[in-house]
$ cat final02.txt   # compact mmCIF, C-alpha atoms
# COMPACT_ATOMS: atom_id res chain seq x y z
CA MET C 1219 -37.17 22.80 3.78
CA ARG C 1220 -34.63 23.85 1.21
CA THR C 1221 -32.06 26.49 2.06
CA GLU C 1222 -31.33 28.90 -0.77
CA LEU C 1223 -27.59 29.22 -1.28
CA THR C 1224 -26.83 32.75 -2.31
CA GLU C 1225 -23.11 33.07 -1.60
CA ILE C 1226 -21.43 30.97 -4.25
CA LEU C 1227 -17.82 31.85 -4.96
CA TRP C 1228 -15.83 31.24 -8.12
CA LEU C 1229 -12.48 29.59 -7.53
CA ASP C 1230 -10.37 31.50 -10.02
CA GLU C 1231 -7.71 34.15 -10.47
CA HIS C 1232 -10.07 37.01 -9.62
CA HIS C 1233 -10.25 36.25 -5.89
CA ASP C 1234 -7.10 36.21 -3.75
CA LEU C 1235 -6.67 34.88 -0.26
CA PRO C 1236 -3.80 35.18 2.22
CA LEU C 1237 -1.64 32.25 3.31
CA THR C 1238 -3.38 31.93 6.70
CA ARG C 1239 -6.80 31.61 5.03
CA LEU C 1240 -5.54 29.08 2.50
CA ALA C 1241 -4.15 27.02 5.39
CA GLU C 1242 -7.47 27.21 7.20
CA LEU C 1243 -9.52 26.20 4.16
CA SER C 1244 -7.22 23.45 2.91
CA GLY C 1245 -6.17 21.75 6.14
CA LEU C 1246 -2.46 22.09 5.31
CA SER C 1247 -0.13 24.02 7.62
CA GLU C 1248 1.38 27.33 6.54
CA ALA C 1249 4.82 25.66 6.54
CA GLU C 1250 3.57 22.92 4.18
CA LEU C 1251 2.00 25.52 1.88
CA ARG C 1252 5.24 27.51 1.79
CA GLU C 1253 7.16 24.35 0.96
CA LEU C 1254 4.74 23.50 -1.89
CA MET C 1255 5.17 27.05 -3.13
CA ASP C 1256 8.97 26.63 -3.06
CA TYR C 1257 8.60 23.42 -5.09
CA GLY C 1258 6.68 25.44 -7.68
CA VAL C 1259 3.33 23.62 -7.50
CA LEU C 1260 1.45 26.35 -5.62
CA PRO C 1261 2.12 29.66 -7.35
CA PRO C 1262 1.65 32.86 -5.30
CA ALA C 1263 -0.61 35.51 -6.86
CA ASP C 1264 2.17 38.10 -6.82
CA PRO C 1265 5.61 36.70 -6.01
CA GLY C 1266 7.00 40.18 -5.31
CA ALA C 1267 4.29 41.31 -2.89
CA PRO C 1268 5.14 41.71 0.82
CA GLN C 1269 2.10 39.66 1.88
CA LEU C 1270 1.75 36.16 0.48
CA ASN C 1271 -1.54 35.83 -1.42
CA PHE C 1272 -2.88 33.07 -3.61
CA HIS C 1273 -5.57 33.01 -6.29
CA SER C 1274 -8.62 31.24 -4.94
CA ASP C 1275 -8.28 28.36 -7.45
CA CYS C 1276 -5.21 27.36 -5.39
CA ILE C 1277 -7.73 26.01 -2.84
CA VAL C 1278 -8.33 23.09 -5.22
CA ILE C 1279 -4.58 22.29 -5.38
CA ALA C 1280 -4.09 22.72 -1.63
CA ARG C 1281 -7.11 20.58 -0.77
CA THR C 1282 -5.91 17.86 -3.13
CA ALA C 1283 -2.50 18.04 -1.41
CA CYS C 1284 -4.14 17.72 1.99
CA ARG C 1285 -6.15 14.67 0.88
CA LEU C 1286 -3.04 13.04 -0.57
CA ARG C 1287 -1.04 13.80 2.59
CA ASP C 1288 -3.67 12.29 4.87
CA GLU C 1289 -4.79 9.39 2.72
CA LEU C 1290 -1.55 8.31 1.05
CA GLU C 1291 0.64 9.34 4.00
CA LEU C 1292 3.01 11.38 1.80
CA ASP C 1293 5.59 13.97 2.82
CA VAL C 1294 5.68 17.39 1.14
CA HIS C 1295 8.30 16.34 -1.39
CA GLY C 1296 6.10 13.40 -2.48
CA LEU C 1297 3.07 15.69 -2.59
CA ALA C 1298 4.88 18.17 -4.84
CA LEU C 1299 5.87 15.38 -7.21
CA ILE C 1300 2.33 14.00 -7.44
CA LEU C 1301 0.79 17.47 -7.81
CA SER C 1302 3.11 18.35 -10.68
CA LEU C 1303 2.30 15.02 -12.38
CA LEU C 1304 -1.44 15.56 -11.82
CA ASP C 1305 -1.07 19.03 -13.32
CA ARG C 1306 0.51 17.47 -16.41
CA VAL C 1307 -2.25 14.86 -16.59
CA HIS C 1308 -4.95 17.54 -16.37
CA ASP C 1309 -3.18 19.61 -18.99
CA LEU C 1310 -2.95 16.62 -21.35
CA GLU C 1311 -6.59 15.70 -20.69
CA ALA C 1312 -7.60 19.27 -21.57
CA GLN C 1313 -5.56 19.09 -24.79
CA LEU C 1314 -7.13 15.73 -25.65
CA ASN C 1315 -10.60 17.09 -24.97
CA ASP C 1316 -9.83 20.12 -27.13
CA LEU C 1317 -8.65 17.91 -30.01
CA ARG C 1318 -11.76 15.77 -29.68
CA ALA C 1319 -13.95 18.88 -29.73
CA ARG C 1320 -12.16 20.18 -32.84
CA GLY C 1321 -12.52 16.82 -34.61
CA SER C 1322 -15.67 15.94 -36.48
CA HIS C 1323 -18.31 13.61 -34.98
CA GLY C 1324 -18.32 11.77 -38.27
CA ALA C 1325 -14.50 11.44 -38.36
CA MET Q 842 -26.77 0.65 11.75
CA LYS Q 843 -25.31 -1.67 9.12
CA TYR Q 844 -22.26 -3.78 9.85
CA LYS Q 845 -19.15 -3.46 7.65
CA ASP Q 846 -16.29 -5.95 7.80
CA TYR Q 847 -13.26 -3.64 7.86
CA TYR Q 848 -10.81 -6.55 7.79
CA ASP Q 849 -12.47 -7.95 4.71
CA VAL Q 850 -12.43 -4.50 3.02
CA LEU Q 851 -8.64 -4.33 3.48
CA GLY Q 852 -8.20 -8.02 2.63
CA VAL Q 853 -6.41 -8.91 5.91
CA LYS Q 854 -7.04 -11.51 8.61
CA ARG Q 855 -8.68 -10.37 11.87
CA GLY Q 856 -5.46 -11.00 13.77
CA ALA Q 857 -3.28 -9.06 11.28
CA GLY Q 858 -0.50 -6.91 12.73
CA GLU Q 859 -0.27 -3.14 12.35
CA ALA Q 860 2.36 -3.44 9.60
CA ASP Q 861 0.18 -5.81 7.56
CA ILE Q 862 -2.81 -3.49 7.89
CA LYS Q 863 -0.73 -0.52 6.81
CA ALA Q 864 0.76 -2.41 3.86
CA ALA Q 865 -2.68 -3.61 2.72
CA TYR Q 866 -4.08 -0.08 2.97
CA ARG Q 867 -1.19 1.46 1.04
CA LYS Q 868 -1.51 -1.07 -1.76
CA LEU Q 869 -5.25 -0.47 -2.10
CA ALA Q 870 -4.90 3.31 -1.69
CA ARG Q 871 -2.42 3.47 -4.57
CA LYS Q 872 -4.89 1.58 -6.72
CA TYR Q 873 -8.11 3.37 -5.77
CA HIS Q 874 -7.27 6.89 -4.55
CA PRO Q 875 -9.68 9.02 -6.63
CA ASP Q 876 -7.07 11.70 -7.33
CA VAL Q 877 -4.75 9.24 -9.06
CA SER Q 878 -6.89 6.23 -10.00
CA ARG Q 879 -8.51 5.44 -13.36
CA GLU Q 880 -10.68 2.65 -11.89
CA ALA Q 881 -14.38 3.23 -12.61
CA ASP Q 882 -15.51 2.73 -9.00
CA ALA Q 883 -12.43 4.34 -7.42
CA GLU Q 884 -14.30 6.90 -5.33
CA VAL Q 885 -16.67 4.41 -3.72
CA ARG Q 886 -13.95 1.78 -3.19
CA PHE Q 887 -11.50 4.26 -1.71
CA LYS Q 888 -14.12 5.58 0.71
CA GLU Q 889 -14.63 2.05 2.05
CA ILE Q 890 -10.88 1.41 2.23
CA ALA Q 891 -10.11 4.70 4.01
CA GLU Q 892 -12.96 4.18 6.45
CA ALA Q 893 -11.67 0.71 7.34
CA TYR Q 894 -8.10 1.94 7.77
CA GLN Q 895 -9.08 4.94 9.92
CA THR Q 896 -10.49 2.52 12.46
CA LEU Q 897 -8.06 -0.40 12.21
CA LYS Q 898 -4.86 1.71 12.32
CA ASP Q 899 -5.79 3.06 15.74
CA ALA Q 900 -5.34 0.49 18.52
CA GLU Q 901 -8.17 1.84 20.65
CA LYS Q 902 -10.65 2.16 17.79
CA ARG Q 903 -9.67 -1.28 16.53
CA ALA Q 904 -10.31 -2.78 19.99
CA ALA Q 905 -13.70 -1.05 20.04
CA TYR Q 906 -14.47 -2.39 16.56
CA ASP Q 907 -13.44 -5.92 17.54
CA GLN Q 908 -15.78 -5.71 20.53
CA LEU Q 909 -18.68 -5.28 18.13
CA GLY Q 910 -18.16 -8.91 17.13
CA GLN Q 911 -18.14 -10.26 13.61
CA GLN Q 912 -21.43 -9.95 11.73
CA GLN Q 913 -22.50 -10.37 8.15
CA PRO Q 914 -21.65 -7.27 6.09
CA GLY Q 915 -24.80 -5.19 5.57
CA GLN Q 916 -26.56 -6.76 8.53
CA ASP Q 917 -28.39 -4.43 10.92
CA PHE Q 918 -26.89 -4.46 14.40
CA ARG Q 919 -26.48 -2.45 17.60
CA PRO Q 920 -23.32 -2.38 19.73
CA PRO Q 921 -23.43 -4.52 22.91
CA PRO Q 922 -25.00 -2.76 25.96
CA ASP Q 923 -21.74 -1.79 27.72
CA TRP Q 924 -19.93 -0.87 24.56
CA GLN Q 925 -20.79 2.83 24.53
CA LYS Q 926 -19.94 3.23 28.23
CA GLN Q 927 -16.53 1.73 27.58
CA TYR Q 928 -15.59 3.51 24.35
CA GLY Q 929 -17.89 6.39 23.61
CA GLU Q 930 -17.44 9.93 24.84
CA THR Q 931 -20.29 10.93 22.58
CA GLN Q 932 -23.93 9.89 22.65
CA PHE Q 933 -24.97 8.13 19.47
CA ALA Q 934 -28.36 7.74 17.91
CA PHE Q 935 -27.45 4.32 16.52
CA ASP Q 936 -30.31 4.12 14.07
CA ASP Q 937 -29.41 7.43 12.41
CA ILE Q 938 -25.67 7.05 11.89
CA ASP Q 939 -23.42 4.67 10.04
CA LEU Q 940 -20.36 2.84 11.25
CA ALA Q 941 -17.98 5.53 9.95
CA ASP Q 942 -19.77 8.21 12.04
CA LEU Q 943 -19.58 5.95 15.07
CA PHE Q 944 -15.80 5.56 14.87
CA ALA Q 945 -15.17 9.15 13.78
CA GLY Q 946 -16.94 10.11 17.04
CA LEU Q 947 -14.60 7.96 19.16
CA ARG Q 948 -11.61 9.75 20.59
CA GLY Q 949 -8.92 7.36 19.38
CA GLY Q 950 -5.96 6.54 21.59
CA ARG Q 951 -2.96 8.25 20.10
CA GLN Q 952 -3.41 11.86 19.40
CA HIS Q 953 -5.44 13.52 22.09
CA SER Q 954 -6.82 12.72 25.46
CA GLY Q 955 -10.60 12.83 25.57
CA GLN Q 956 -10.54 16.01 27.65
CA ALA Q 957 -8.21 17.88 25.29
CA ARG Q 958 -10.33 16.86 22.30
CA ALA Q 959 -13.49 17.92 24.04
CA ASN Q 960 -12.25 21.52 24.18
CA MET Q 961 -10.31 21.68 20.95
CA PRO Q 962 -11.85 23.71 18.10
CA MET Q 963 -12.63 21.24 15.32
CA PRO Q 964 -13.48 22.49 11.82
CA GLY Q 965 -16.63 21.07 10.26
CA GLN Q 966 -16.34 18.64 7.36
CA ASP Q 967 -16.06 19.97 3.81
CA TYR Q 968 -18.15 18.23 1.15
CA GLU Q 969 -17.29 17.84 -2.53
CA ILE Q 970 -20.46 17.52 -4.58
CA PRO Q 971 -20.51 16.62 -8.27
CA VAL Q 972 -23.07 18.77 -10.10
CA SER Q 973 -23.94 17.74 -13.64
CA ILE Q 974 -25.68 20.34 -15.78
CA THR Q 975 -26.68 20.64 -19.42
CA LEU Q 976 -24.97 22.98 -21.85
CA GLU Q 977 -28.14 25.08 -21.99
CA GLN Q 978 -28.07 25.41 -18.18
CA ALA Q 979 -24.41 26.43 -18.29
CA TYR Q 980 -25.26 29.04 -20.91
CA ARG Q 981 -28.03 30.68 -18.91
CA GLY Q 982 -27.14 29.76 -15.33
CA THR Q 983 -29.39 27.41 -13.39
CA ASP Q 984 -30.72 26.36 -10.00
CA VAL Q 985 -29.81 22.89 -8.76
CA ASP Q 986 -31.18 21.04 -5.76
CA LEU Q 987 -28.63 19.33 -3.52
CA ASP Q 988 -29.63 16.61 -1.07
CA LEU Q 989 -26.97 15.77 1.48
CA SER Q 990 -26.79 13.77 4.65
CA MET Q 991 -24.46 15.13 7.34
CA PRO Q 992 -23.56 13.83 10.80
CA GLU Q 993 -24.52 16.51 13.33
CA TYR Q 994 -24.76 16.86 17.08
CA ALA Q 995 -28.38 17.38 18.12
CA ALA Q 996 -29.50 19.52 21.08
CA ASP Q 997 -29.38 16.45 23.36
CA GLY Q 998 -25.69 15.99 22.47
CA ALA Q 999 -26.28 12.84 20.42
CA LEU Q 1000 -24.61 12.39 17.04
CA ARG Q 1001 -27.14 11.86 14.29
CA ARG Q 1002 -27.12 11.86 10.51
CA VAL Q 1003 -29.49 14.58 9.34
CA PRO Q 1004 -30.71 15.40 5.85
CA ARG Q 1005 -29.73 18.84 4.55
CA THR Q 1006 -31.27 20.17 1.37
CA PHE Q 1007 -30.06 23.18 -0.54
CA ARG Q 1008 -31.02 25.04 -3.70
CA ALA Q 1009 -27.89 26.51 -5.27
CA HIS Q 1010 -27.77 28.94 -8.15
CA ILE Q 1011 -25.03 27.96 -10.60
CA PRO Q 1012 -24.13 31.25 -12.26
CA LYS Q 1013 -23.75 31.40 -16.01
CA GLY Q 1014 -20.15 30.95 -17.08
CA ALA Q 1015 -19.52 27.67 -15.24
CA THR Q 1016 -18.14 25.10 -17.64
CA ASP Q 1017 -16.78 21.56 -17.43
CA GLY Q 1018 -14.28 21.21 -14.56
CA GLN Q 1019 -15.26 24.49 -12.86
CA ARG Q 1020 -15.21 24.43 -9.05
CA LEU Q 1021 -17.45 26.66 -6.95
CA ARG Q 1022 -17.23 27.18 -3.22
CA VAL Q 1023 -20.20 27.64 -0.93
CA PRO Q 1024 -18.79 28.91 2.37
CA ALA Q 1025 -19.89 27.51 5.72
CA LYS Q 1026 -22.66 25.20 4.46
CA GLY Q 1027 -20.78 21.95 5.15
CA GLY Q 1028 -20.56 20.13 8.47
CA LYS Q 1029 -20.89 22.18 11.68
CA GLY Q 1030 -17.63 23.09 13.45
CA LEU Q 1031 -17.16 22.05 17.08
CA ASN Q 1032 -15.94 24.12 20.04
CA GLY Q 1033 -15.70 27.29 17.95
CA GLY Q 1034 -14.14 25.61 14.91
CA ARG Q 1035 -15.24 26.97 11.54
CA ASP Q 1036 -18.14 25.37 9.70
CA GLY Q 1037 -17.13 23.30 6.69
CA ASP Q 1038 -17.69 24.38 3.09
CA LEU Q 1039 -19.41 22.84 0.10
CA TYR Q 1040 -17.37 22.52 -3.08
CA LEU Q 1041 -19.43 22.06 -6.23
CA ASN Q 1042 -17.60 20.27 -9.05
CA ILE Q 1043 -19.34 21.15 -12.31
CA THR Q 1044 -19.53 18.71 -15.20
CA LEU Q 1045 -21.46 19.19 -18.44
CA HIS Q 1046 -23.62 16.50 -20.02
CA PRO Q 1047 -22.46 15.61 -23.53
CA HIS Q 1048 -24.53 17.55 -26.08
CA SER Q 1049 -25.94 16.11 -29.29
CA VAL Q 1050 -24.78 19.10 -31.40
CA PHE Q 1051 -22.06 21.04 -29.57
CA ARG Q 1052 -18.67 19.83 -28.31
CA VAL Q 1053 -17.13 21.85 -25.50
CA SER Q 1054 -13.53 22.98 -25.03
CA GLY Q 1055 -13.33 25.45 -22.16
CA HIS Q 1056 -15.81 28.18 -23.15
CA ASP Q 1057 -15.45 27.52 -26.91
CA LEU Q 1058 -17.89 25.28 -28.72
CA TYR Q 1059 -17.46 23.18 -31.86
CA MET Q 1060 -20.16 21.76 -34.10
CA ASP Q 1061 -20.35 20.01 -37.45
CA LEU Q 1062 -22.22 21.69 -40.30
CA PRO Q 1063 -23.42 19.15 -42.85
CA LEU Q 1064 -23.65 20.64 -46.36
CA ALA Q 1065 -24.96 19.11 -49.57
CA PRO Q 1066 -22.28 19.09 -52.32
CA TRP Q 1067 -24.16 21.76 -54.30
CA GLU Q 1068 -24.45 24.02 -51.22
CA ALA Q 1069 -20.66 23.77 -50.75
CA ALA Q 1070 -20.10 24.40 -54.48
CA LEU Q 1071 -22.54 27.24 -55.02
CA GLY Q 1072 -22.62 28.80 -51.55
CA ALA Q 1073 -25.69 29.03 -49.35
CA SER Q 1074 -27.34 30.91 -46.53
CA ILE Q 1075 -28.04 28.43 -43.74
CA GLU Q 1076 -29.65 28.61 -40.31
CA VAL Q 1077 -27.47 27.02 -37.65
CA PRO Q 1078 -28.28 26.42 -33.98
CA THR Q 1079 -26.24 28.22 -31.32
CA PRO Q 1080 -26.84 28.09 -27.55
CA GLY Q 1081 -28.41 31.54 -27.84
CA GLY Q 1082 -30.75 30.58 -30.70
CA LEU Q 1083 -30.66 30.17 -34.45
CA VAL Q 1084 -28.33 32.37 -36.50
CA ARG Q 1085 -28.04 32.67 -40.27
CA LEU Q 1086 -24.65 31.73 -41.64
CA LYS Q 1087 -23.40 32.61 -45.11
CA VAL Q 1088 -21.46 29.76 -46.70
CA SER Q 1089 -19.17 30.98 -49.48
CA PRO Q 1090 -19.13 29.26 -52.90
CA GLY Q 1091 -16.37 26.65 -53.09
CA THR Q 1092 -16.40 25.82 -49.38
CA ARG Q 1093 -14.31 22.72 -48.64
CA ALA Q 1094 -14.95 19.83 -46.24
CA GLY Q 1095 -13.14 20.35 -42.92
CA GLN Q 1096 -13.13 24.13 -43.33
CA GLN Q 1097 -13.76 25.92 -40.03
CA LEU Q 1098 -16.04 28.92 -39.74
CA ARG Q 1099 -15.79 31.01 -36.57
CA LEU Q 1100 -18.80 32.68 -35.00
CA PRO Q 1101 -17.27 35.08 -32.47
CA LYS Q 1102 -18.89 35.30 -29.02
CA ARG Q 1103 -21.43 32.56 -29.79
CA GLY Q 1104 -19.86 30.08 -27.36
CA LEU Q 1105 -20.42 29.79 -23.62
CA PRO Q 1106 -20.31 32.94 -21.48
CA ARG Q 1107 -17.17 33.41 -19.38
CA PRO Q 1108 -17.59 33.86 -15.61
CA ARG Q 1109 -17.26 37.63 -15.40
CA SER Q 1110 -17.42 39.03 -18.89
CA GLY Q 1111 -17.08 38.00 -22.49
CA GLU Q 1112 -17.96 34.79 -24.26
CA GLY Q 1113 -16.16 31.96 -25.98
CA ASP Q 1114 -16.49 31.41 -29.73
CA LEU Q 1115 -18.48 28.88 -31.71
CA PHE Q 1116 -16.56 27.03 -34.43
CA VAL Q 1117 -18.53 25.41 -37.23
CA ILE Q 1118 -16.76 22.60 -39.09
CA VAL Q 1119 -17.99 21.90 -42.60
CA GLN Q 1120 -18.90 18.36 -43.57
CA ILE Q 1121 -19.99 17.54 -47.10
CA VAL Q 1122 -22.55 14.78 -47.07
CA MET Q 1123 -24.12 12.78 -49.87
CA PRO Q 1124 -27.78 11.82 -49.98
CA GLY Q 1125 -28.37 8.22 -48.92
CA THR Q 1126 -30.14 7.39 -52.16
CA MET Q 1127 -30.19 9.25 -55.48
CA SER Q 1128 -33.04 9.62 -57.89
CA GLU Q 1129 -32.48 8.79 -61.55
CA LYS Q 1130 -32.56 12.49 -62.39
CA GLU Q 1131 -29.87 13.29 -59.81
CA ARG Q 1132 -27.71 10.46 -61.13
CA VAL Q 1133 -27.98 11.82 -64.67
CA LEU Q 1134 -27.08 15.32 -63.51
CA TYR Q 1135 -24.02 14.01 -61.64
CA LYS Q 1136 -23.00 12.12 -64.77
CA GLN Q 1137 -23.26 15.31 -66.81
CA LEU Q 1138 -21.18 17.12 -64.20
CA ALA Q 1139 -18.53 14.38 -64.28
CA GLU Q 1140 -18.30 14.68 -68.09
CA ALA Q 1141 -18.17 18.47 -68.04
CA THR Q 1142 -15.60 19.02 -65.29
CA LYS Q 1143 -11.81 18.97 -65.56
CA PHE Q 1144 -11.48 18.92 -61.77
CA ASP Q 1145 -9.09 16.25 -60.46
CA PRO Q 1146 -9.28 15.89 -56.68
CA ARG Q 1147 -6.22 13.57 -56.62
CA THR Q 1148 -3.53 15.57 -58.43
CA GLN Q 1149 -1.30 15.17 -55.38
CA PHE Q 1150 -1.44 11.36 -55.64
CA ARG Q 1151 -0.44 11.49 -59.31
CA GLN Q 1152 2.44 13.85 -58.54
CA GLU Q 1153 3.63 11.40 -55.84
CA VAL Q 1154 3.54 8.49 -58.30
CA ARG Q 1155 5.52 10.48 -60.89
CA ASN Q 1156 8.16 11.35 -58.28
CA GLU Q 1157 8.39 7.68 -57.21
CA ASN Q 1158 8.95 6.57 -60.81
CA ARG Q 1159 11.67 9.17 -61.30
CA THR Q 1160 13.65 7.97 -58.25
CA HIS Q 1161 13.58 4.27 -59.29
$ encode --input "final02.txt" --output "structure tokens"
Amino acid sequence: MRTELTEILWLDEHHDLPLTRLAELSGLSEAELRELMDYGVLPPADPGAPQLNFHSDCIVIARTACRLRDELELDVHGLALILSLLDRVHDLEAQLNDLRARGSHGA
Amino acid sequence: MKYKDYYDVLGVKRGAGEADIKAAYRKLARKYHPDVSREADAEVRFKEIAEAYQTLKDAEKRAAYDQLGQQQPGQDFRPPPDWQKQYGETQFAFDDIDLADLFAGLRGGRQHSGQARANMPMPGQDYEIPVSITLEQAYRGTDVDLDLSMPEYAADGALRRVPRTFRAHIPKGATDGQRLRVPAKGGKGLNGGRDGDLYLNITLHPHSVFRVSGHDLYMDLPLAPWEAALGASIEVPTPGGLVRLKVSPGTRAGQQLRLPKRGLPRPRSGEGDLFVIVQIVMPGTMSEKERVLYKQLAEATKFDPRTQFRQEVRNENRTH
């Protein structure tokens, strides 16, 4: 029997979640998430707000960090370095894909 | 249950020390970790490597693994009769699980005593599922069927791998690289721990006409030389159907025409654009009449497409 999945959530800037929830969903501790935020790889939704919230697409970053921590046995400083490099790689891949899309098939 | 040779997977001898096992794992993990690797089979290889290391890094699990004896990889086997009594705190349905489930179910010696673990809330496993859809499906939204196999504790307390099948609606607006979260449909949590989630990683099949960049689309528009010269009204495909496009007289190759809001829909509102890139193509063969007409055109025109080259040559001559 197939179960119909009705609750499917976008991971984007339109949904926010608090620090505790991000910790629960990602597997990282709140302290690790704060440290990643301080290193600038996990941006808070509103840096000036009294409660720390994150856009829901931060789940992808935090889960990647958790995987890297567990599987490559990295500390938070190492995680921050890899995450910022991965961000650059993804950005460059997106630019490359965009250039390919703009180019002609026949070119 | 199929046997896997964890020592062989890590490339170490059966008597290897902890440091050697760790070093071998780290070397392979750097090479195959799917988040950082470019190897084609990285995901599959890393799964094998991580599974082997999870067992061999833990003294108690490693001892339990060694007690299974050495078999041929892939060979069906069952643990020796006393094995489960000695190592297992969980009942296993050996035919329905794989070796990774077996060792994930063992308590392991270092972190928790069996009693503490028995009462500790444990979150269920999250699953990342690649979902490949066509551009047309992304445009309209689509239903996809997901077939998973998850280890679960049955009513009799035994750990079994059970098939779980879902039909998920991918809403319109998902494009390449989009992640979607399906809450609480992953592995079951234990002792009050939360159920795991499903994460759907969307990829788009390459399309024969459209190239995708985010929610914008690009396509080539082949024009005959006379259509580019004289202008034309041309039907072009878009994901929403054919539209008529007016090509101005004197249109050049490489020129880009923008069709606003004819790209892919964005998740909540709005649409990307469709960009049409002009290509001027020649017929493969020409009739005698066409050849004569081109000859007449060549004699009649004063157009020089290479004035820039000639200017360059003149400048070169002046400097020497």
$ closest_atom_pairs --input "final02.txt" --of "chain C" --to "chain Q" --cutoff "9 Å" --atoms "all atoms listed in the file" --output "CSV"
residue,atom,partner,partner_atom,distance
C:Met1219,CA,Q:Thr1006,CA,6.9
C:Arg1220,CA,Q:Phe1007,CA,4.9
C:Thr1221,CA,Q:Phe1007,CA,4.7
C:Glu1222,CA,Q:Arg1008,CA,4.9
C:Leu1223,CA,Q:Ala1009,CA,4.8
C:Thr1224,CA,Q:Ala1009,CA,7.0
C:Glu1225,CA,Q:Val1023,CA,6.2
C:Ile1226,CA,Q:Val1023,CA,4.9
C:Leu1227,CA,Q:Arg1022,CA,5.0
C:Trp1228,CA,Q:Leu1021,CA,5.0
C:Leu1229,CA,Q:Leu1021,CA,5.8
C:Asp1230,CA,Q:Arg1020,CA,8.6
C:Glu1242,CA,Q:Arg1035,CA,8.9
C:Leu1243,CA,Q:Asp1038,CA,8.4
C:Asp1275,CA,Q:Arg1020,CA,8.1
C:Val1278,CA,Q:Arg1020,CA,8.0
C:Thr1282,CA,Q:Asp876,CA,7.5
C:Arg1285,CA,Q:Asp876,CA,8.8
C:Leu1286,CA,Q:Asp876,CA,8.0
C:Glu1289,CA,Q:Ala891,CA,7.2
C:Leu1290,CA,Q:Ala870,CA,6.6
C:Glu1291,CA,Q:Arg867,CA,8.6
C:Ile1300,CA,Q:Val877,CA,8.7
C:Leu1304,CA,Q:Val877,CA,7.6
C:Ala1312,CA,Q:Ser1054,CA,7.8
C:Gln1313,CA,Q:Ser1054,CA,8.9
C:Asn1315,CA,Q:Ser1054,CA,6.6
C:Asp1316,CA,Q:Ser1054,CA,5.1
C:Leu1317,CA,Q:Ser1054,CA,8.6
C:Arg1318,CA,Q:Arg1052,CA,8.1
C:Ala1319,CA,Q:Arg1052,CA,5.0
C:Arg1320,CA,Q:Tyr1059,CA,6.2
C:Gly1321,CA,Q:Ile1118,CA,8.5
C:Ser1322,CA,Q:Asp1061,CA,6.3
C:His1323,CA,Q:Asp1061,CA,7.2
C:Gly1324,CA,Q:Gln1120,CA,8.5
$ atom_distance --input "final02.txt" --atom1 "CA of Asn1032 in chain Q" --atom2 "CA of Gln966 in chain Q"
13.8 Å
$ residues_around --input "final02.txt" --residues "Gln916 in chain Q" --least-positions-apart "6" --cutoff "12 Å" --atoms "all atoms listed in the file" --output "PDB file with C-alpha atoms, in the coordinates of the input"
ATOM      1  CA  MET Q 842     -26.770   0.650  11.750  1.00  0.00           C
ATOM      2  CA  LYS Q 843     -25.310  -1.670   9.120  1.00  0.00           C
ATOM      3  CA  TYR Q 844     -22.260  -3.780   9.850  1.00  0.00           C
ATOM      4  CA  LYS Q 845     -19.150  -3.460   7.650  1.00  0.00           C
ATOM      5  CA  ASP Q 846     -16.290  -5.950   7.800  1.00  0.00           C
ATOM      6  CA  ASP Q 939     -23.420   4.670  10.040  1.00  0.00           C
ATOM      7  CA  LEU Q 940     -20.360   2.840  11.250  1.00  0.00           C
TER       8      LEU Q 940
END
$ residues_near_point --input "final02.txt" --point "(0.5, 39.7, 0.7)" --cutoff "12 Å" --atoms "only C-alpha atoms" --output "CSV table (one decimal) with C-alpha atoms, in the frame of the given file"
chain,number,residue,atom,x,y,z
C,1234,ASP,CA,-7.1,36.2,-3.8
C,1235,LEU,CA,-6.7,34.9,-0.3
C,1236,PRO,CA,-3.8,35.2,2.2
C,1237,LEU,CA,-1.6,32.2,3.3
C,1238,THR,CA,-3.4,31.9,6.7
C,1239,ARG,CA,-6.8,31.6,5.0
C,1262,PRO,CA,1.6,32.9,-5.3
C,1263,ALA,CA,-0.6,35.5,-6.9
C,1264,ASP,CA,2.2,38.1,-6.8
C,1265,PRO,CA,5.6,36.7,-6.0
C,1266,GLY,CA,7.0,40.2,-5.3
C,1267,ALA,CA,4.3,41.3,-2.9
C,1268,PRO,CA,5.1,41.7,0.8
C,1269,GLN,CA,2.1,39.7,1.9
C,1270,LEU,CA,1.8,36.2,0.5
C,1271,ASN,CA,-1.5,35.8,-1.4
C,1272,PHE,CA,-2.9,33.1,-3.6
C,1273,HIS,CA,-5.6,33.0,-6.3
$ residues_around --input "final02.txt" --residues "Ser1247 in chain C" --least-positions-apart "5" --cutoff "12 Å" --atoms "all atoms listed in the file" --output "list of chain:residue names"
C:Leu1237, C:Thr1238, C:Arg1239, C:Leu1240, C:Ala1241, C:Glu1242, C:Arg1252, C:Glu1253, C:Leu1254, C:Ala1280, C:Arg1281, C:Ala1283, C:Cys1284, C:Arg1287, C:Val1294
$ atom_distance --input "final02.txt" --atom1 "CA of Val885 in chain Q" --atom2 "CA of Val972 in chain Q"
17.0 Å
$ atom_distance --input "final02.txt" --atom1 "CA of Phe944 in chain Q" --atom2 "CA of Trp924 in chain Q"
12.3 Å
$ residues_near_point --input "final02.txt" --point "(-26.4, 29.5, -19.5)" --cutoff "8 Å" --atoms "all atoms listed in the file" --output "PyMOL selection string"
chain Q and resi 976-983+1012-1014+1105-1106
$ closest_residue --input "final02.txt" --among "Q:Arg1099, Q:Pro1066, Q:Tyr847, Q:Gly1030" --to "Pro914 in chain Q" --atoms "all atoms listed in the file"
Q:Tyr847
$ residues_around --input "final02.txt" --residues "range 850-857 of chain Q" --least-positions-apart "6" --cutoff "9 Å" --atoms "all atoms listed in the file" --output "list in words"
Ala865, Tyr866, Leu869, Arg886, Glu889, Ile890, Ala893, Tyr894 and Asp907 of chain Q
